[in-house]
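Notes follow once the structure below has been shown.
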Amino acid sequence: MKIERTPWGWKVLAPAKVNLSLCLKGRREDGYHELETVMLALRFYDELQLELADDSVLELTVSGAENVPNDDRNLVVRALQALRAAMGCSRGARVRLTKRIPSQAGLGGGSSDAAAALVAGNRLWSLGLSPAQLSTIAATLGSDVAFFLPVDPRYGARAAVCTGRGERVAPFPPGRSLPIVVVKPAVGLPTSAVYANYSAANNVQFVPTPAKSAEIAQVLCRGLLNSLGALMRNDLQGPALALCPELAEVKAGFDRLPVVAHQLSGSGSAYFAVCRSLLQAQQVAKLARKRRWGESWAMLSC
Ligand code: ATP
């Protein structure tokens with residue numbers, strides 16, 4: 001996340017993420033899945049601009065996407081409402097959200113926007129909430145929101161091992177930025193549908209295989225990527241591919257490319273590869289467009 005003051009208020013760049021691993025470890029009594037995931041933030045951003053309103057109005061204008069709501073179904077509005085409720089504040093804001101991160105993609109766009117709204121709202125209204133307090137509010141908004149908060153100013157949201165529902169965040173500094181290509185097929189995948197498909201396939205007692213989060217963090221910290229492919233995994237990939245045949249085609253296409261590693265991000269439908277260079281990522285993005293796999297972007301991780 002990058003935040004800067006403007007003459008009118010605050011501007012925030014809210015990054016996307018990919019999951020280098022996503023391991024489900026069984027269902028909890030509250031219905032959520034216990035998980036362990038390694039998340040990596042990308043230099044691929046939504047933009048939020050916030051300015052103070054004279055009254056208590058919370059007004060959101062969204063551009064760059066058709067199906068993103070501009071009312072209190074939007075996580076930006078919910079984040080600002082949660083901030084106000086926590087502090088008994090009745091000040092208002094006008095927010096302009098420019099979407100670049102596609103929705104229903106597993107790239108965490110909505111969650112990142114929510115985290116950006118929490119950080120910027122805290123400054124706009126001079127509320128003085130600590131990172132720990134923001135983190136507590138973040139967890140009420142969604143499992144991935146806390147990852148995007150700049151809990152540790154040294155790392156910001158760059159990479160972290162996240163556990164619980166995803167809200168317990170242990171950041172670590174990746175040794176270098178990774179070249180990444182992201183492909184988003186036209187069809188989106190609702191998170192709930194993918195989890196339902198996962199549960200249907202795993203409704204008998206099963207023993208989860210251990211996550212390799214520490215090993216992935218070590219590989220990233222040292223910048224030695226060759227063993228990454230053997231460590232990466234996403235337990236939601238099978239259920240997502242079963243729901244979305246286009247994704248199986250994308251995966252088969254990546255199997256034939258000399259990238260470092262590739263897999264589904266989160267619950268999809270975005271699919272990504274760690275590449276050997278930014279040039280390779282750009283070439284793969286071009287190829288993906290030519291083969292009509294979907295929209296595609298090449299970028300570095302944060
Ligand atoms: P995740 O990676 O967390 O699974 P996602 O890929 O499912 O995220 P989001 O961009 O978070 O996608 O959006 C999921 C749904 O949430 C959308 O269909 C949209 O209606 C709603 N939504 C609420 N707030 C936002 C927002 N700020 N940006 C995008 N979608 C939002």
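Identifiers in this document derive from the order of the structure tokens: chains are assigned A, B, ..., residues are numbered from 1 separately in each chain, and ligands are numbered from 1 in order of occurrence.
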
Dump as JSON lines the rows for residues of chain A within 8 Å of ligand 1: closest atom pair and distance in Å with one decimal, only C-alpha atoms and all ligand atoms counted, ordered by chain and rising residue number.
{"residue": "A:Lys17", "atom": "CA", "partner": "ligand 1", "partner_atom_place_in_ligand_line": "2 (O)", "distance": 7.5}
{"residue": "A:Asn67", "atom": "CA", "partner": "ligand 1", "partner_atom_place_in_ligand_line": "20 (O)", "distance": 6.3}
{"residue": "A:Val68", "atom": "CA", "partner": "ligand 1", "partner_atom_place_in_ligand_line": "20 (O)", "distance": 5.0}
{"residue": "A:Pro69", "atom": "CA", "partner": "ligand 1", "partner_atom_place_in_ligand_line": "20 (O)", "distance": 6.0}
{"residue": "A:Arg73", "atom": "CA", "partner": "ligand 1", "partner_atom_place_in_ligand_line": "23 (C)", "distance": 5.6}
{"residue": "A:Asn74", "atom": "CA", "partner": "ligand 1", "partner_atom_place_in_ligand_line": "24 (N)", "distance": 3.4}
{"residue": "A:Leu75", "atom": "CA", "partner": "ligand 1", "partner_atom_place_in_ligand_line": "24 (N)", "distance": 4.0}
{"residue": "A:Val76", "atom": "CA", "partner": "ligand 1", "partner_atom_place_in_ligand_line": "27 (N)", "distance": 5.5}
{"residue": "A:Leu97", "atom": "CA", "partner": "ligand 1", "partner_atom_place_in_ligand_line": "27 (N)", "distance": 7.6}
{"residue": "A:Lys99", "atom": "CA", "partner": "ligand 1", "partner_atom_place_in_ligand_line": "28 (N)", "distance": 7.0}
{"residue": "A:Ile101", "atom": "CA", "partner": "ligand 1", "partner_atom_place_in_ligand_line": "10 (O)", "distance": 6.9}
{"residue": "A:Pro102", "atom": "CA", "partner": "ligand 1", "partner_atom_place_in_ligand_line": "10 (O)", "distance": 6.1}
{"residue": "A:Ser103", "atom": "CA", "partner": "ligand 1", "partner_atom_place_in_ligand_line": "10 (O)", "distance": 3.6}
{"residue": "A:Gln104", "atom": "CA", "partner": "ligand 1", "partner_atom_place_in_ligand_line": "6 (O)", "distance": 3.6}
{"residue": "A:Ala105", "atom": "CA", "partner": "ligand 1", "partner_atom_place_in_ligand_line": "6 (O)", "distance": 3.5}
{"residue": "A:Gly106", "atom": "CA", "partner": "ligand 1", "partner_atom_place_in_ligand_line": "2 (O)", "distance": 3.1}
{"residue": "A:Leu107", "atom": "CA", "partner": "ligand 1", "partner_atom_place_in_ligand_line": "2 (O)", "distance": 4.0}
{"residue": "A:Gly108", "atom": "CA", "partner": "ligand 1", "partner_atom_place_in_ligand_line": "2 (O)", "distance": 3.1}
{"residue": "A:Gly109", "atom": "CA", "partner": "ligand 1", "partner_atom_place_in_ligand_line": "10 (O)", "distance": 4.0}
{"residue": "A:Gly110", "atom": "CA", "partner": "ligand 1", "partner_atom_place_in_ligand_line": "11 (O)", "distance": 3.4}
{"residue": "A:Ser111", "atom": "CA", "partner": "ligand 1", "partner_atom_place_in_ligand_line": "11 (O)", "distance": 5.5}
{"residue": "A:Ser112", "atom": "CA", "partner": "ligand 1", "partner_atom_place_in_ligand_line": "27 (N)", "distance": 7.8}
{"residue": "A:Asp113", "atom": "CA", "partner": "ligand 1", "partner_atom_place_in_ligand_line": "27 (N)", "distance": 5.2}
{"residue": "A:Ala114", "atom": "CA", "partner": "ligand 1", "partner_atom_place_in_ligand_line": "27 (N)", "distance": 6.6}
{"residue": "A:Gly142", "atom": "CA", "partner": "ligand 1", "partner_atom_place_in_ligand_line": "3 (O)", "distance": 7.8}
{"residue": "A:Ser143", "atom": "CA", "partner": "ligand 1", "partner_atom_place_in_ligand_line": "3 (O)", "distance": 7.8}
{"residue": "A:Asp144", "atom": "CA", "partner": "ligand 1", "partner_atom_place_in_ligand_line": "3 (O)", "distance": 6.1}
{"residue": "A:Leu189", "atom": "CA", "partner": "ligand 1", "partner_atom_place_in_ligand_line": "7 (O)", "distance": 7.2}
{"residue": "A:Pro190", "atom": "CA", "partner": "ligand 1", "partner_atom_place_in_ligand_line": "7 (O)", "distance": 6.0}
{"residue": "A:Thr191", "atom": "CA", "partner": "ligand 1", "partner_atom_place_in_ligand_line": "7 (O)", "distance": 5.6}
{"residue": "A:Ser265", "atom": "CA", "partner": "ligand 1", "partner_atom_place_in_ligand_line": "2 (O)", "distance": 7.7}
{"residue": "A:Gly266", "atom": "CA", "partner": "ligand 1", "partner_atom_place_in_ligand_line": "2 (O)", "distance": 5.8}
{"residue": "A:Ser267", "atom": "CA", "partner": "ligand 1", "partner_atom_place_in_ligand_line": "4 (O)", "distance": 5.9}
{"residue": "A:Gly268", "atom": "CA", "partner": "ligand 1", "partner_atom_place_in_ligand_line": "6 (O)", "distance": 6.6}
{"residue": "A:Ser269", "atom": "CA", "partner": "ligand 1", "partner_atom_place_in_ligand_line": "6 (O)", "distance": 7.5}
{"residue": "A:Ala270", "atom": "CA", "partner": "ligand 1", "partner_atom_place_in_ligand_line": "6 (O)", "distance": 7.9}

Query raised in the report: DSSP says strand (DSSP E or B) for which residues of region 217-269 of chain A? Put them as a PyMOL selection string?
Result: chain A and resi 233-234+261-264

Query - Nearby residues (only C-alpha atoms) at most 12 Å from Gly253 (chain A), same-chain spacing under 3 positions excluded, as a list in words - result: Val183, Glu246, Leu247, Ala248, Glu249, Val250, Arg256, Leu257, Pro258, Val259, His262, Gln263, Tyr271, Phe272, Ala273, Val284, Leu287, Ala288, Arg291, Arg292 and Trp293 of chain A

Query raised in the report: Between A:Gln237, A:Ser21, A:Gln218, A:Gln81, which one has atoms that come closest to Thr140 (chain A), using only C-alpha atoms?
Result: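 Among the listed residues, the smallest separation from Thr140 (chain A) belongs to A:Gln81.
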
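Nearest residue to Pro208 (chain A), choosing from A:Lys2, A:Ala16, A:Leu22, A:Val77 and counting only C-alpha atoms: A:Leu22.
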
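With only C-alpha atoms as the atoms that count, the minimum distance from Ala53 (chain A) to the choices A:Cys275, A:Leu124, A:Ala86, A:Ile137 is reached by A:Leu124.
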
Can you check which parts of region 1-36 of chain A lie within 8 Å of region 162-167 of chain A? Per residue, the shortest pair of atoms and distance in Å to one decimal, counting only C-alpha atoms, sorted by chain and number, as a Markdown table.
| residue | atom | partner | partner_atom | distance |
| --- | --- | --- | --- | --- |
| A:Tyr32 | CA | A:Arg165 | CA | 6.8 |
| A:His33 | CA | A:Arg165 | CA | 6.4 |
| A:Glu34 | CA | A:Gly164 | CA | 5.3 |
| A:Leu35 | CA | A:Thr163 | CA | 5.6 |
| A:Glu36 | CA | A:Thr163 | CA | 4.6 |

Requested in this report: Using only C-alpha atoms, find the one residue out of A:Phe147, A:Trp10, A:Tyr195, A:Trp297 that sits nearest to Val95 (chain A).
Outcome: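 Distance minimum relative to Val95 (chain A) lands on A:Trp10.
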
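The space separating CA of Ala120 (chain A) from CA of Ala41 (chain A) comes to 18.7 Å.
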
Do you know which residues are at most 7 Å from Ala14 (chain A) counting only C-alpha atoms, after dropping those on the same chain fewer than 5 positions away, and could you put them as a tab-separated table (two decimals) with C-alpha atoms, in the first residue's frame?
chain	number	residue	atom	x	y	z
A	1	MET	CA	0.00	0.00	0.00
A	45	TYR	CA	-3.11	-1.35	-7.84
A	46	ASP	CA	-6.60	0.03	-7.32
A	47	GLU	CA	-6.55	3.73	-6.44
A	112	SER	CA	-7.08	-4.35	-0.30
A	113	ASP	CA	-9.50	-1.46	-0.96
A	116	ALA	CA	-6.66	1.25	2.16

Report task. Using only C-alpha atoms, determine which residues lie at most 9 Å from Leu127 (chain A), disregarding the query and same-chain residues fewer than 4 positions distant; provide the list as number ranges by chain. Result -> A: 83, 87, 89, 121-123

Query raised in the report: Within 10 Å of Arg233 (chain A), counting only C-alpha atoms, which residues qualify if same-chain residues fewer than 2 places away don't, as a ChimeraX atom specification?
Result: /A:19-23,37-38,211-212,228-231,235-237,261-265

Could you list, as a compact mmCIF listing (two decimals) with C-alpha atoms, in the first residue's frame, every residue within 10 Å of Arg43 (chain A), counting only C-alpha atoms and ignoring same-chain residues fewer than 3 positions away?
# COMPACT_ATOMS: atom_id res chain seq x y z
CA MET A 1 0.00 0.00 0.00
CA LEU A 13 -2.62 2.74 -3.97
CA ALA A 14 -4.13 -0.59 -2.91
CA PRO A 15 -2.16 -3.59 -4.23
CA ALA A 16 -3.43 -6.96 -5.45
CA LYS A 17 -2.06 -10.22 -4.04
CA ARG A 158 4.73 -7.31 0.79
CA SER A 177 10.71 -8.67 -6.34
CA ILE A 180 4.64 -12.28 -12.19
CA ALA A 298 2.82 -8.56 -16.30
CA MET A 299 4.22 -6.96 -13.15
CA LEU A 300 6.72 -7.26 -10.31
CA SER A 301 5.73 -8.24 -6.79
CA CYS A 302 6.04 -5.53 -4.11

Query raised in the report: Could you work out how far CA of Gly223 (chain A) lies from CA of Val182 (chain A), giving the answer in Å with one decimal?
Result: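 Separating CA of Val182 (chain A) from CA of Gly223 (chain A) is a distance of 20.4 Å.
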